[in-house]
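Participant: Next up, work-v4.txt (compact mmCIF, C-alpha atoms).
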```txt
# COMPACT_ATOMS: atom_id res chain seq x y z
CA MET A 1 146.56 169.81 98.56
CA SER A 2 148.21 171.78 101.36
CA THR A 3 146.25 173.38 104.20
CA ALA A 4 147.51 176.84 103.15
CA ALA A 5 146.20 176.35 99.59
CA THR A 6 142.85 175.17 100.95
CA ASP A 7 142.58 178.22 103.21
CA THR A 8 143.39 180.54 100.30
CA GLN A 9 140.69 179.00 98.13
CA ALA A 10 138.18 179.45 100.95
CA LEU A 11 138.74 183.20 100.99
CA PRO A 12 136.18 185.33 99.11
CA GLY A 13 137.18 186.54 95.66
CA VAL A 14 137.76 190.27 95.26
CA THR A 15 137.03 192.62 92.36
CA TYR A 16 139.30 195.68 92.48
CA ILE A 17 138.19 198.51 90.15
CA LEU A 18 140.67 201.25 89.27
CA THR A 19 139.34 204.32 87.46
CA ALA A 20 141.43 207.08 85.90
CA TYR A 21 141.02 210.39 84.14
CA ASN A 22 144.05 212.58 83.38
CA HIS A 23 146.02 210.92 86.17
CA ALA A 24 149.33 210.55 84.34
CA ARG A 25 151.26 212.07 87.25
CA PHE A 26 149.85 209.65 89.80
CA ALA A 27 148.75 206.49 87.96
CA GLU A 28 151.98 204.53 88.35
CA GLN A 29 152.04 204.92 92.13
CA ALA A 30 148.30 204.24 92.42
CA LEU A 31 148.46 201.06 90.34
CA ALA A 32 151.52 199.79 92.20
CA SER A 33 149.75 200.30 95.53
CA ALA A 34 146.77 198.28 94.31
CA PHE A 35 148.86 195.47 92.79
CA ASN A 36 150.90 195.16 96.02
CA GLN A 37 147.97 194.13 98.21
CA ASP A 38 148.92 191.46 100.75
CA TYR A 39 145.58 189.64 100.47
CA PRO A 40 146.31 185.95 99.78
CA GLY A 41 142.99 185.27 98.06
CA ARG A 42 142.03 185.91 94.45
CA ILE A 43 141.91 189.53 93.26
CA GLU A 44 140.76 190.45 89.77
CA PHE A 45 141.90 193.96 88.85
CA ILE A 46 139.81 195.97 86.39
CA ILE A 47 141.30 199.22 85.07
CA ILE A 48 139.32 201.81 83.12
CA ASP A 49 140.76 205.04 81.75
CA ASP A 50 137.87 207.41 81.03
CA GLY A 51 139.24 208.91 77.81
CA SER A 52 142.15 210.82 79.37
CA LYS A 53 143.75 213.57 77.31
CA ASP A 54 147.22 213.02 78.78
CA ASP A 55 149.44 209.91 78.89
CA THR A 56 147.38 208.03 81.48
CA ALA A 57 146.35 205.23 79.10
CA ALA A 58 149.94 204.57 78.02
CA ILE A 59 151.14 204.51 81.63
CA ILE A 60 148.42 202.02 82.52
CA LYS A 61 149.48 199.68 79.71
CA HIS A 62 153.10 199.89 80.84
CA CYS A 63 152.24 199.16 84.48
CA VAL A 64 150.06 196.22 83.50
CA SER A 65 152.87 194.74 81.39
CA LEU A 66 155.14 194.73 84.44
CA ARG A 67 152.80 192.54 86.49
CA PRO A 68 152.11 189.29 84.66
CA ASP A 69 151.65 187.68 88.08
CA ARG A 70 148.42 189.57 88.61
CA GLU A 71 144.98 188.98 87.08
CA ILE A 72 144.43 192.30 85.31
CA VAL A 73 141.92 193.39 82.67
CA ASP A 74 142.19 196.82 81.03
CA LEU A 75 138.77 197.94 79.78
CA SER A 76 139.99 201.32 78.52
CA ASP A 77 138.77 202.13 75.01
CA GLY A 78 139.36 205.88 74.75
CA LEU A 79 135.72 206.84 75.40
CA ASN A 80 134.60 209.24 78.11
CA ARG A 81 131.56 207.71 79.82
CA GLY A 82 131.75 209.00 83.39
CA LEU A 83 132.74 207.41 86.67
CA VAL A 84 129.59 205.53 87.61
CA THR A 85 129.05 204.11 84.12
CA ASN A 86 132.57 202.71 84.17
CA ILE A 87 132.09 201.20 87.62
CA ASN A 88 128.92 199.46 86.41
CA ARG A 89 130.80 198.17 83.34
CA ALA A 90 133.47 196.69 85.55
CA ILE A 91 130.98 195.06 87.92
CA ARG A 92 129.12 193.45 85.02
CA GLN A 93 132.28 191.85 83.66
CA THR A 94 133.65 190.48 86.93
CA SER A 95 132.68 187.97 89.59
CA GLY A 96 134.43 188.89 92.85
CA GLU A 97 132.29 188.57 95.95
CA ILE A 98 133.60 191.83 97.44
CA ILE A 99 134.05 194.95 95.28
CA PHE A 100 136.58 197.71 95.89
CA THR A 101 137.05 200.94 93.95
CA GLN A 102 140.09 203.20 93.77
CA SER A 103 140.86 206.33 91.82
CA CYS A 104 144.23 206.37 90.07
CA ASP A 105 145.32 209.47 91.97
CA ASP A 106 145.00 207.83 95.41
CA VAL A 107 147.31 205.38 97.17
CA ALA A 108 146.11 202.17 98.84
CA HIS A 109 147.94 200.68 101.79
CA PRO A 110 149.05 197.02 101.34
CA ASN A 111 146.57 195.77 103.96
CA ARG A 112 143.50 197.49 102.55
CA VAL A 113 141.81 194.44 101.04
CA SER A 114 142.79 192.03 103.81
CA THR A 115 141.51 194.43 106.48
CA PHE A 116 138.12 194.84 104.81
CA VAL A 117 137.70 191.15 103.99
CA ARG A 118 138.34 190.29 107.63
CA PHE A 119 135.65 192.80 108.64
CA TYR A 120 133.16 191.32 106.17
CA GLN A 121 133.86 187.81 107.41
CA ASN A 122 133.20 188.90 110.99
CA ASN A 123 130.06 190.86 110.02
CA PRO A 124 128.11 188.81 107.45
CA GLN A 125 125.06 191.10 107.69
CA ILE A 126 127.00 194.13 106.42
CA LYS A 127 126.76 194.76 102.66
CA ALA A 128 128.80 197.98 102.32
CA CYS A 129 131.82 199.17 104.26
CA TYR A 130 133.98 202.30 104.36
CA GLY A 131 137.39 202.85 105.91
CA GLY A 132 139.63 205.58 107.22
CA VAL A 133 141.58 207.80 104.83
CA ARG A 134 144.20 210.49 105.26
CA LYS A 135 144.92 213.47 103.02
CA ILE A 136 148.06 213.82 100.95
CA ASP A 137 149.01 216.58 98.54
CA GLU A 138 150.07 216.23 94.91
CA ASN A 139 153.62 215.35 96.03
CA GLY A 140 152.45 212.63 98.40
CA VAL A 141 153.10 214.66 101.56
CA LEU A 142 150.59 214.37 104.38
CA SER A 143 148.35 217.44 104.47
CA GLY A 144 145.75 217.67 107.18
CA GLY A 145 146.02 214.26 108.81
CA VAL A 146 143.09 211.86 108.91
CA TYR A 147 140.09 212.84 106.79
CA VAL A 148 137.24 213.11 109.29
CA VAL A 149 133.77 212.11 108.11
CA GLU A 150 130.53 211.45 109.94
CA ASP A 151 130.46 207.84 111.08
CA PRO A 152 128.40 206.13 108.34
CA THR A 153 127.20 203.53 110.85
CA HIS A 154 125.30 206.21 112.80
CA PRO A 155 121.58 205.31 113.13
CA LEU A 156 119.44 207.03 110.52
CA SER A 157 116.86 207.99 113.12
CA GLU A 158 119.45 210.05 115.05
CA ALA A 159 121.41 211.56 112.15
CA GLY A 160 120.83 215.08 110.87
CA ASN A 161 121.38 213.79 107.34
CA MET A 162 122.08 210.49 105.65
CA PRO A 163 125.58 209.44 106.79
CA ILE A 164 127.84 208.95 103.76
CA GLY A 165 131.26 207.30 103.77
CA ASN A 166 134.29 208.68 101.94
CA GLY A 167 134.43 207.33 98.39
CA ALA A 168 138.23 207.09 98.44
CA ASN A 169 137.97 204.00 100.65
CA GLU A 170 134.71 202.26 99.86
CA SER A 171 133.67 198.68 99.23
CA CYS A 172 130.52 196.58 98.97
CA ARG A 173 129.36 193.03 98.50
CA ARG A 174 128.32 191.96 95.02
CA SER A 175 125.15 190.51 96.54
CA MET A 176 124.01 194.06 97.38
CA ILE A 177 124.21 195.07 93.71
CA GLN A 178 122.52 191.86 92.62
CA GLU A 179 119.63 192.39 95.05
CA LEU A 180 119.10 196.13 94.58
CA GLY A 181 120.42 196.85 91.08
CA TYR A 182 123.33 198.72 89.51
CA LEU A 183 124.15 202.34 90.25
CA GLU A 184 122.25 205.13 88.49
CA GLU A 185 124.26 206.36 85.50
CA LEU A 186 123.81 210.12 85.36
CA ARG A 187 126.55 212.24 83.81
CA CYS A 188 127.77 214.29 86.77
CA VAL A 189 127.24 211.80 89.54
CA ALA A 190 129.41 210.13 92.19
CA GLU A 191 129.25 206.56 93.38
CA ASP A 192 129.83 207.02 97.12
CA CYS A 193 126.39 208.52 97.85
CA GLN A 194 124.65 205.70 96.01
CA ILE A 195 126.67 202.93 97.65
CA SER A 196 126.00 204.52 101.05
CA LEU A 197 122.26 204.64 100.37
CA LEU A 198 122.15 201.03 99.18
CA GLY A 199 124.18 200.04 102.22
CA HIS A 200 121.66 201.67 104.55
CA VAL A 201 118.85 199.92 102.71
CA SER A 202 120.64 196.57 103.01
CA GLY A 203 120.79 196.74 106.78
CA GLY A 204 123.51 199.23 107.68
CA ILE A 205 127.00 200.34 106.69
CA GLY A 206 130.22 199.05 108.20
CA TYR A 207 133.07 201.33 109.11
CA VAL A 208 136.73 200.40 109.59
CA PRO A 209 138.45 203.41 111.22
CA GLU A 210 141.93 202.12 110.37
CA VAL A 211 143.50 204.26 107.64
CA THR A 212 144.13 202.12 104.57
CA VAL A 213 144.01 204.73 101.76
CA ASP A 214 145.84 208.00 101.16
CA TYR A 215 143.39 210.43 99.55
CA ARG A 216 145.22 212.82 97.24
CA ILE A 217 144.15 216.46 97.05
CA HIS A 218 145.45 218.12 93.89
CA GLY A 219 144.48 220.64 91.25
CA ALA A 220 142.09 218.47 89.25
CA ASN A 221 139.74 216.82 91.71
CA TRP A 222 136.51 217.84 93.38
CA SER A 223 138.04 218.59 96.80
CA ALA A 224 140.74 220.84 95.40
CA ALA A 225 138.10 222.69 93.36
CA GLY A 226 136.03 223.17 96.48
CA GLU A 227 138.95 224.54 98.45
CA GLU A 228 139.88 226.82 95.54
CA ALA A 229 136.30 228.05 95.28
CA SER A 230 136.30 228.92 98.97
CA ARG A 231 139.30 231.19 98.35
CA ARG A 232 137.89 232.65 95.10
CA PRO A 233 134.25 233.64 95.67
CA PHE A 234 133.82 234.70 92.04
CA ASN A 235 134.75 231.33 90.54
CA TYR A 236 131.35 230.78 88.91
CA SER A 237 132.51 227.91 86.72
CA TRP A 238 133.06 225.78 89.81
CA TRP A 239 129.73 226.84 91.31
CA GLU A 240 127.98 225.81 88.13
CA TYR A 241 129.71 222.43 88.08
CA SER A 242 128.90 221.97 91.76
CA ALA A 243 125.23 222.76 91.12
CA ARG A 244 125.03 220.28 88.23
CA SER A 245 126.84 217.53 90.13
CA CYS A 246 124.83 217.92 93.34
CA PHE A 247 121.61 217.98 91.32
CA ASP A 248 122.52 214.77 89.47
CA ASN A 249 123.51 213.06 92.73
CA ALA A 250 120.19 214.00 94.31
CA ARG A 251 118.31 212.70 91.23
CA ALA A 252 120.27 209.45 91.32
CA MET A 253 119.52 208.82 94.99
CA ASP A 254 115.84 209.66 94.46
CA ALA A 255 115.74 207.15 91.58
CA LEU A 256 117.31 204.48 93.81
CA LEU A 257 114.67 204.95 96.49
CA ARG A 258 111.91 204.58 93.88
CA ARG A 259 113.10 201.13 92.82
CA PRO A 260 110.64 198.38 93.84
CA ALA A 261 113.52 196.19 95.04
CA VAL A 262 114.73 198.94 97.37
CA ALA A 263 111.27 199.69 98.78
CA LYS A 264 110.65 195.99 99.34
CA ARG A 265 114.01 195.37 100.95
CA CYS A 266 114.19 198.45 103.19
CA ASP A 267 112.95 198.61 106.75
CA PRO A 268 109.92 200.99 106.83
CA VAL A 269 111.50 203.23 109.48
CA ALA A 270 114.79 203.46 107.62
CA LEU A 271 112.94 204.04 104.34
CA ARG A 272 111.00 206.93 105.89
CA HIS A 273 114.19 208.60 107.13
CA LEU A 274 115.99 208.06 103.81
CA ALA A 275 113.03 209.46 101.88
CA ARG A 276 113.04 212.58 104.05
CA TYR A 277 116.77 213.19 103.63
CA VAL A 278 116.82 212.48 99.91
CA GLY A 279 113.63 214.44 99.25
CA ALA A 280 114.89 217.52 101.10
CA ASN A 281 118.23 217.34 99.29
CA LEU A 282 116.55 216.95 95.90
CA ARG A 283 114.36 220.02 96.48
CA LYS A 284 117.36 222.06 97.58
CA GLN A 285 119.57 220.98 94.68
CA THR A 286 116.76 221.51 92.15
CA VAL A 287 116.52 225.16 93.21
CA ASN A 288 120.29 225.56 93.02
CA TYR A 289 120.48 223.86 89.63
CA HIS A 290 117.69 225.93 88.06
CA ALA A 291 119.35 229.09 89.37
CA PHE A 292 122.36 228.36 87.18
CA PHE A 293 120.62 226.49 84.36
CA PRO A 294 117.09 227.89 83.70
CA GLN A 295 114.79 225.30 82.17
CA PRO A 296 112.18 225.99 79.43
CA GLY A 297 109.43 224.65 81.67
CA ASP A 298 110.20 226.93 84.61
CA ARG A 299 107.47 229.24 85.84
CA PHE A 300 107.62 232.96 85.11
CA TYR A 301 108.90 233.98 88.51
CA SER A 302 111.62 231.32 88.30
CA LEU A 303 112.71 232.62 84.92
CA VAL A 304 112.77 236.18 86.25
CA PHE A 305 114.81 235.09 89.25
CA THR A 306 117.27 233.02 87.25
CA SER A 307 117.63 235.68 84.56
CA GLY A 308 118.33 238.31 87.20
CA LEU A 309 120.81 236.01 88.88
CA SER A 310 122.57 235.33 85.59
CA PHE A 311 122.75 239.06 84.82
CA GLY A 312 124.04 239.72 88.32
CA LYS A 313 126.71 237.05 87.95
CA ILE A 314 127.91 238.54 84.68
CA ALA A 315 127.93 242.09 86.04
CA LEU A 316 129.75 241.08 89.21
CA SER A 317 132.28 239.01 87.30
CA LEU A 318 133.02 241.90 84.93
CA ALA A 319 133.34 244.29 87.86
CA VAL A 320 135.83 242.00 89.59
CA ARG A 321 137.91 241.59 86.45
CA LEU A 322 137.87 245.34 85.84
CA PHE A 323 138.96 246.02 89.38
CA ARG A 324 141.79 243.50 89.12
CA SER A 325 143.13 245.16 85.96
CA ARG A 326 142.45 248.82 86.70
CA GLY A 327 141.43 248.88 90.33
CA LEU A 328 144.56 250.53 91.64
CA ARG A 329 144.38 253.38 89.15
CA VAL A 330 140.69 253.92 89.87
CA LEU A 331 141.34 254.07 93.60
CA LEU A 332 144.16 256.58 93.15
CA ARG A 333 141.98 258.82 90.98
CA ALA A 334 139.15 258.63 93.49
CA LYS A 335 141.52 259.59 96.28
CA ARG A 336 142.68 262.65 94.34
CA CYS A 337 139.10 263.77 93.73
CA PHE A 338 138.16 263.50 97.39
CA THR A 339 141.31 265.24 98.62
CA ARG A 340 140.96 268.33 96.42
```
Written as structure tokens, that's how I'd like the structure from this file.

Facilitator:
Amino acid sequence: MSTAATDTQALPGVTYILTAYNHARFAEQALASAFNQDYPGRIEFIIIDDGSKDDTAAIIKHCVSLRPDREIVDLSDGLNRGLVTNINRAIRQTSGEIIFTQSCDDVAHPNRVSTFVRFYQNNPQIKACYGGVRKIDENGVLSGGVYVVEDPTHPLSEAGNMPIGNGANESCRRSMIQELGYLEELRCVAEDCQISLLGHVSGGIGYVPEVTVDYRIHGANWSAAGEEASRRPFNYSWWEYSARSCFDNARAMDALLRRPAVAKRCDPVALRHLARYVGANLRKQTVNYHAFFPQPGDRFYSLVFTSGLSFGKIALSLAVRLFRSRGLRVLLRAKRCFTR
């Protein structure tokens, strides 16, 4: 056996999870960027379409058929389960030592896997690692340069909140999941917060500042919705989705901290800081969530508050729509009345 073959076999195996939902416009480019990784070791690709309503599933099948040289498993079955549930499904059915995730609207650079694996080899104590990303628009044009996030390696004792890496370029060791458990599967929940928390519990998060993923901002992802909401203050549908998602994320992180394996594994000082951050966030998001979605068990004053807020939202929304349709005529009539 050649020395090169021996060196390749010595490299850690990689599980590369690709998730998609209504990504027909971007899936082909995203899959090609993943399949073209320059890592010489073994990569098992797992693709899951989360019940897309467009042609995403068909495009995935076509792209897979073009790469018989790659080890690819398509777990798509037409069901809509949610992002975290699909990631857990993929982890359970694979064996790679290092796990990567990628959305099928983003673009990975060819050296993404090799760069991270090198970092893991040089830092065996690190169980989760994030990397640099840059923004692109729906046409693939750079828009805003490098996506700046708080350094996730920042000490918990000095951070104003729990540092969280960007989910577009995340990875973790399988041993972290085996030791601390799978991610919490709530409906409107993201994986990056949970992986960051488990990384902190495991002894710290690694950060590779080199940009190895292009993070696409378009009309059907969370970031685009947030930017749109900032321009349209009366977009209540987005506010409601934001409240539900933030609430579920806070619940998921609280559930992770309550796991016996996490409490046993975590340094007491780090656990105290994490509990403070997560607890404060859960209290805040619970208030926000109940403001939009009153619960039967809420106290009287909460029901009064949420009912008033709901009525106010409806009244304000109707007023805005009325102004948009008849506002100019109303203003002109008012002007005539005041000038008589």

Participant: My list of candidates is A:Ala190, A:Cys129, A:Leu274, A:Ala243. Which is closest to Ile205 (chain A) when distances are computed with only C-alpha atoms?

Facilitator: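 Ranking A:Ala190, A:Cys129, A:Leu274, A:Ala243 by distance to Ile205 (chain A), first place goes to A:Cys129.
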
Participant: So that I can check the surroundings of region 94-104 of chain A, please list as a PyMOL selection string every protein, DNA and RNA residue that reaches within 9 Å of it, counting all atoms listed in the file and ignoring chain neighbours fewer than 5 positions away.

Facilitator: chain A and resi 12-21+23-24+26-31+34+42-44+46+87+89+113+117+120+167-175

Participant: Tell me which of A:Ile164, A:Ala261, A:Ala32, A:Ile126 sits closest to Asp105 (chain A), counting all atoms listed in the file.

Facilitator: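 Of the candidates, the smallest distance to Asp105 (chain A) is held by A:Ala32.
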
Participant: Could you work out how far CA of Phe35 (chain A) lies from CA of Ile59 (chain A), giving the answer in Å with one decimal?

Facilitator: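 CA of Ile59 (chain A) sits 14.5 Å away from CA of Phe35 (chain A).
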
Participant: Using all atoms listed in the file, which of A:Gly132, A:Gly82, A:Pro40, A:Gly204 sits nearest Arg118 (chain A)?

Facilitator: A:Pro40

Participant: Provide the CA of Val84 (chain A) to CA of Val213 (chain A) distance in Å, to one decimal place.

Facilitator: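 So the answer is 20.2 Å.
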
Participant: Find the residue from A:Arg272, A:Arg25, A:Arg283, A:Arg251 that sits nearest to Leu186 (chain A); use all atoms listed in the file when measuring.

Facilitator: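 Among the listed residues, the smallest separation from Leu186 (chain A) belongs to A:Arg251.
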
Participant: Which distance in Å separates CA of Thr212 (chain A) and CA of Asp106 (chain A), to one decimal?

Facilitator: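 Value for the CA of Thr212 (chain A)-CA of Asp106 (chain A) distance: 10.8 Å.
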
Participant: Within 10 Å of Gly144 (chain A), counting all atoms listed in the file, which residues show up once you throw out same-chain ones fewer than 4 positions away? Write them as a list in words, please.

Facilitator: Arg134, Lys135, Ile136, Asp137 and Val148 of chain A

Participant: If the box runs along x, y and z of the file and leaves 3 Å on each side of region 246-250 of chain A, what are its centre and edge lengths in Å, one decimal, as JSON?

Facilitator:
```
{"center_x": 122.5, "center_y": 215.5, "center_z": 91.9, "size_x": 10.6, "size_y": 10.9, "size_z": 10.8}
```
